[in-house]
Amino acid sequence: PNSFSPNGDGVNDGFILYGPDESVRIRILEIYDRWGAQLFQAENLPLNNPNNGWNGEFNGQKIIPGVYVYSATVIFNDGSISKIQGEITLVR
């Protein structure tokens with residue numbers, strides 16, 4: 001998914017990368033606003049678990065709805081590394 005709604009309803013409340021292989025790890029996940037300010041960074045995250053991803057906050061404050069940029073480095077089972085980038089839409 002490229003959008004999420006961190007409104008506390010338990011559905012699509014966090015952003016994380018999804019994939020079919022649970023043993024693949026996200027080495028680093030970063031979220032930036034449109035001016036390039038880093039809003040979130042986390043390391044060594046599992047795939048498919050939105051509780052470990054970005055909750056739509058920065059310094060404990062809810063971020064306004066909009067489009068943000070993510071960058072992630074993913075480590076695959078064979079040790080290969082891939083950089084993934086894209087946009088995520090935050091809706092409230």
# chains A, B, ... in the order shown; residues from 1 in each chain; ligands from 1

call {"tool": "closest_atom_pairs", "arguments": {"of": "stretch 32-52 of chain A", "to": "stretch 59-80 of chain A", "cutoff": "9 Å", "atoms": "only C-alpha atoms", "output": "CSV"}}
result
residue,atom,partner,partner_atom,distance
A:Tyr32,CA,A:Val69,CA,5.2
A:Asp33,CA,A:Tyr68,CA,5.0
A:Arg34,CA,A:Tyr68,CA,6.3
A:Gly36,CA,A:Val69,CA,8.6
A:Leu39,CA,A:Asn59,CA,8.2

call {"tool": "write_last_selection", "arguments": {"atoms": "N, CA, C and O atoms", "output": "CSV table (one decimal), in the first residue's frame"}}
result
chain,number,residue,atom,x,y,z
A,32,TYR,N,10.7,11.2,4.8
A,32,TYR,CA,11.1,12.7,4.6
A,32,TYR,C,9.8,13.4,4.2
A,32,TYR,O,9.0,12.9,3.5
A,33,ASP,N,9.8,14.7,4.6
A,33,ASP,CA,8.7,15.6,4.0
A,33,ASP,C,9.2,16.1,2.7
A,33,ASP,O,10.3,15.9,2.2
A,34,ARG,N,8.3,16.9,2.1
A,34,ARG,CA,8.7,17.4,0.7
A,34,ARG,C,9.8,18.4,0.6
A,34,ARG,O,10.3,18.7,-0.4
A,36,GLY,N,12.6,17.8,2.4
A,36,GLY,CA,13.7,17.0,2.7
A,36,GLY,C,14.1,16.8,4.1
A,36,GLY,O,15.1,16.2,4.5
A,39,LEU,N,11.7,12.8,9.0
A,39,LEU,CA,10.6,12.7,10.0
A,39,LEU,C,10.7,11.5,10.8
A,39,LEU,O,10.2,11.4,11.9

call {"tool": "select_by_dssp", "arguments": {"residues": "stretch 9-90 of chain A", "states": "strand (DSSP E or B)", "output": "ChimeraX atom specification"}}
result
/A:15,25-32,38-46,54,57-58,61-62,66-75,81-90

call {"tool": "atom_distance", "arguments": {"atom1": "atom CA of A:Leu17", "atom2": "atom CA of A:Leu47"}}
result
5.7 Å

call {"tool": "atom_distance", "arguments": {"atom1": "atom CA of A:Pro6", "atom2": "atom CA of A:Arg25"}}
result
23.1 Å

call {"tool": "residues_around", "arguments": {"residues": "stretch 9-16 of chain A", "least_positions_apart": "5", "cutoff": "10 Å", "atoms": "only C-alpha atoms", "output": "PyMOL selection string"}}
result
chain A and resi 1-4+26+29+31+45-56+70+72+88-92

call {"tool": "decode", "arguments": {"residues": "stretch 69-84 of chain A", "atoms": "all heavy atoms", "output": "mmCIF file, in the first residue's frame"}}
result
data_model
loop_
_atom_site.group_PDB
_atom_site.id
_atom_site.type_symbol
_atom_site.label_atom_id
_atom_site.label_comp_id
_atom_site.auth_asym_id
_atom_site.auth_seq_id
_atom_site.Cartn_x
_atom_site.Cartn_y
_atom_site.Cartn_z
ATOM 1 N N VAL A 69 7.966 11.065 1.389
ATOM 2 C CA VAL A 69 8.890 10.207 0.655
ATOM 3 C C VAL A 69 9.522 9.215 1.618
ATOM 4 O O VAL A 69 9.887 9.575 2.729
ATOM 5 C CB VAL A 69 9.986 11.053 -0.027
ATOM 6 C CG1 VAL A 69 11.000 10.173 -0.728
ATOM 7 C CG2 VAL A 69 9.366 12.037 -0.999
ATOM 8 N N TYR A 70 9.616 7.971 1.176
ATOM 9 C CA TYR A 70 10.328 6.984 1.989
ATOM 10 C C TYR A 70 11.523 6.446 1.222
ATOM 11 O O TYR A 70 11.555 6.419 -0.005
ATOM 12 C CB TYR A 70 9.407 5.837 2.429
ATOM 13 C CG TYR A 70 8.966 4.913 1.328
ATOM 14 C CD1 TYR A 70 9.740 3.808 0.959
ATOM 15 C CD2 TYR A 70 7.778 5.122 0.651
ATOM 16 C CE1 TYR A 70 9.338 2.960 -0.043
ATOM 17 C CE2 TYR A 70 7.362 4.278 -0.350
ATOM 18 C CZ TYR A 70 8.141 3.193 -0.691
ATOM 19 O OH TYR A 70 7.744 2.352 -1.697
ATOM 20 N N SER A 71 12.513 6.035 1.991
ATOM 21 C CA SER A 71 13.704 5.392 1.453
ATOM 22 C C SER A 71 14.019 4.224 2.377
ATOM 23 O O SER A 71 14.004 4.381 3.603
ATOM 24 C CB SER A 71 14.875 6.380 1.417
ATOM 25 O OG SER A 71 16.055 5.732 1.017
ATOM 26 N N ALA A 72 14.264 3.064 1.797
ATOM 27 C CA ALA A 72 14.547 1.886 2.604
ATOM 28 C C ALA A 72 15.672 1.082 1.973
ATOM 29 O O ALA A 72 15.786 1.009 0.751
ATOM 30 C CB ALA A 72 13.308 1.019 2.734
ATOM 31 N N THR A 73 16.469 0.497 2.814
ATOM 32 C CA THR A 73 17.472 -0.461 2.381
ATOM 33 C C THR A 73 17.041 -1.820 2.916
ATOM 34 O O THR A 73 16.814 -1.968 4.120
ATOM 35 C CB THR A 73 18.867 -0.096 2.923
ATOM 36 O OG1 THR A 73 19.197 1.222 2.459
ATOM 37 C CG2 THR A 73 19.915 -1.081 2.444
ATOM 38 N N VAL A 74 16.893 -2.786 2.013
ATOM 39 C CA VAL A 74 16.369 -4.097 2.356
ATOM 40 C C VAL A 74 17.454 -5.149 2.143
ATOM 41 O O VAL A 74 18.165 -5.119 1.138
ATOM 42 C CB VAL A 74 15.135 -4.423 1.479
ATOM 43 C CG1 VAL A 74 14.585 -5.793 1.788
ATOM 44 C CG2 VAL A 74 14.071 -3.361 1.665
ATOM 45 N N ILE A 75 17.570 -6.073 3.099
ATOM 46 C CA ILE A 75 18.528 -7.172 2.995
ATOM 47 C C ILE A 75 17.749 -8.459 2.721
ATOM 48 O O ILE A 75 16.878 -8.838 3.501
ATOM 49 C CB ILE A 75 19.354 -7.326 4.278
ATOM 50 C CG1 ILE A 75 20.099 -6.025 4.572
ATOM 51 C CG2 ILE A 75 20.317 -8.499 4.153
ATOM 52 C CD1 ILE A 75 20.835 -6.028 5.892
ATOM 53 N N PHE A 76 18.097 -9.117 1.621
ATOM 54 C CA PHE A 76 17.430 -10.354 1.235
ATOM 55 C C PHE A 76 18.141 -11.566 1.830
ATOM 56 O O PHE A 76 19.259 -11.459 2.340
ATOM 57 C CB PHE A 76 17.370 -10.463 -0.297
ATOM 58 C CG PHE A 76 16.502 -9.404 -0.901
ATOM 59 C CD1 PHE A 76 17.048 -8.210 -1.359
ATOM 60 C CD2 PHE A 76 15.132 -9.580 -1.000
ATOM 61 C CE1 PHE A 76 16.250 -7.220 -1.907
ATOM 62 C CE2 PHE A 76 14.325 -8.593 -1.549
ATOM 63 C CZ PHE A 76 14.881 -7.423 -1.999
ATOM 64 N N ASN A 77 17.493 -12.723 1.737
ATOM 65 C CA ASN A 77 18.027 -13.959 2.323
ATOM 66 C C ASN A 77 19.417 -14.315 1.823
ATOM 67 O O ASN A 77 20.224 -14.869 2.572
ATOM 68 C CB ASN A 77 17.088 -15.126 2.027
ATOM 69 C CG ASN A 77 15.766 -14.969 2.719
ATOM 70 O OD1 ASN A 77 15.661 -14.294 3.741
ATOM 71 N ND2 ASN A 77 14.742 -15.576 2.169
ATOM 72 N N ASP A 78 19.702 -14.028 0.562
ATOM 73 C CA ASP A 78 21.007 -14.387 0.003
ATOM 74 C C ASP A 78 22.092 -13.359 0.337
ATOM 75 O O ASP A 78 23.211 -13.455 -0.131
ATOM 76 C CB ASP A 78 20.906 -14.570 -1.510
ATOM 77 C CG ASP A 78 20.531 -13.290 -2.254
ATOM 78 O OD1 ASP A 78 20.361 -12.233 -1.606
ATOM 79 O OD2 ASP A 78 20.402 -13.357 -3.494
ATOM 80 N N GLY A 79 21.740 -12.350 1.139
ATOM 81 C CA GLY A 79 22.703 -11.326 1.531
ATOM 82 C C GLY A 79 22.734 -10.124 0.612
ATOM 83 O O GLY A 79 23.408 -9.141 0.905
ATOM 84 N N SER A 80 22.013 -10.187 -0.500
ATOM 85 C CA SER A 80 21.990 -9.042 -1.402
ATOM 86 C C SER A 80 21.199 -7.898 -0.768
ATOM 87 O O SER A 80 20.314 -8.105 0.067
ATOM 88 C CB SER A 80 21.400 -9.424 -2.762
ATOM 89 O OG SER A 80 20.058 -9.819 -2.627
ATOM 90 N N ILE A 81 21.546 -6.689 -1.174
ATOM 91 C CA ILE A 81 20.949 -5.481 -0.615
ATOM 92 C C ILE A 81 20.309 -4.675 -1.738
ATOM 93 O O ILE A 81 20.878 -4.547 -2.818
ATOM 94 C CB ILE A 81 22.017 -4.642 0.106
ATOM 95 C CG1 ILE A 81 22.592 -5.425 1.287
ATOM 96 C CG2 ILE A 81 21.452 -3.315 0.570
ATOM 97 C CD1 ILE A 81 23.774 -4.762 1.962
ATOM 98 N N SER A 82 19.133 -4.127 -1.464
ATOM 99 C CA SER A 82 18.439 -3.312 -2.451
ATOM 100 C C SER A 82 17.929 -2.046 -1.778
ATOM 101 O O SER A 82 17.440 -2.074 -0.649
ATOM 102 C CB SER A 82 17.259 -4.093 -3.038
ATOM 103 O OG SER A 82 16.573 -3.318 -3.990
ATOM 104 N N LYS A 83 18.036 -0.935 -2.493
ATOM 105 C CA LYS A 83 17.500 0.332 -2.012
ATOM 106 C C LYS A 83 16.152 0.557 -2.690
ATOM 107 O O LYS A 83 16.035 0.450 -3.905
ATOM 108 C CB LYS A 83 18.451 1.474 -2.334
ATOM 109 C CG LYS A 83 18.008 2.780 -1.755
ATOM 110 C CD LYS A 83 19.147 3.478 -1.097
ATOM 111 C CE LYS A 83 18.613 4.766 -0.495
ATOM 112 N NZ LYS A 83 19.493 5.346 0.424
ATOM 113 N N ILE A 84 15.140 0.866 -1.878
ATOM 114 C CA ILE A 84 13.779 1.068 -2.370
ATOM 115 C C ILE A 84 13.347 2.469 -1.973
ATOM 116 O O ILE A 84 13.551 2.880 -0.834
ATOM 117 C CB ILE A 84 12.827 0.024 -1.775
ATOM 118 C CG1 ILE A 84 13.275 -1.377 -2.145
ATOM 119 C CG2 ILE A 84 11.398 0.273 -2.230
ATOM 120 C CD1 ILE A 84 12.573 -2.468 -1.379
#
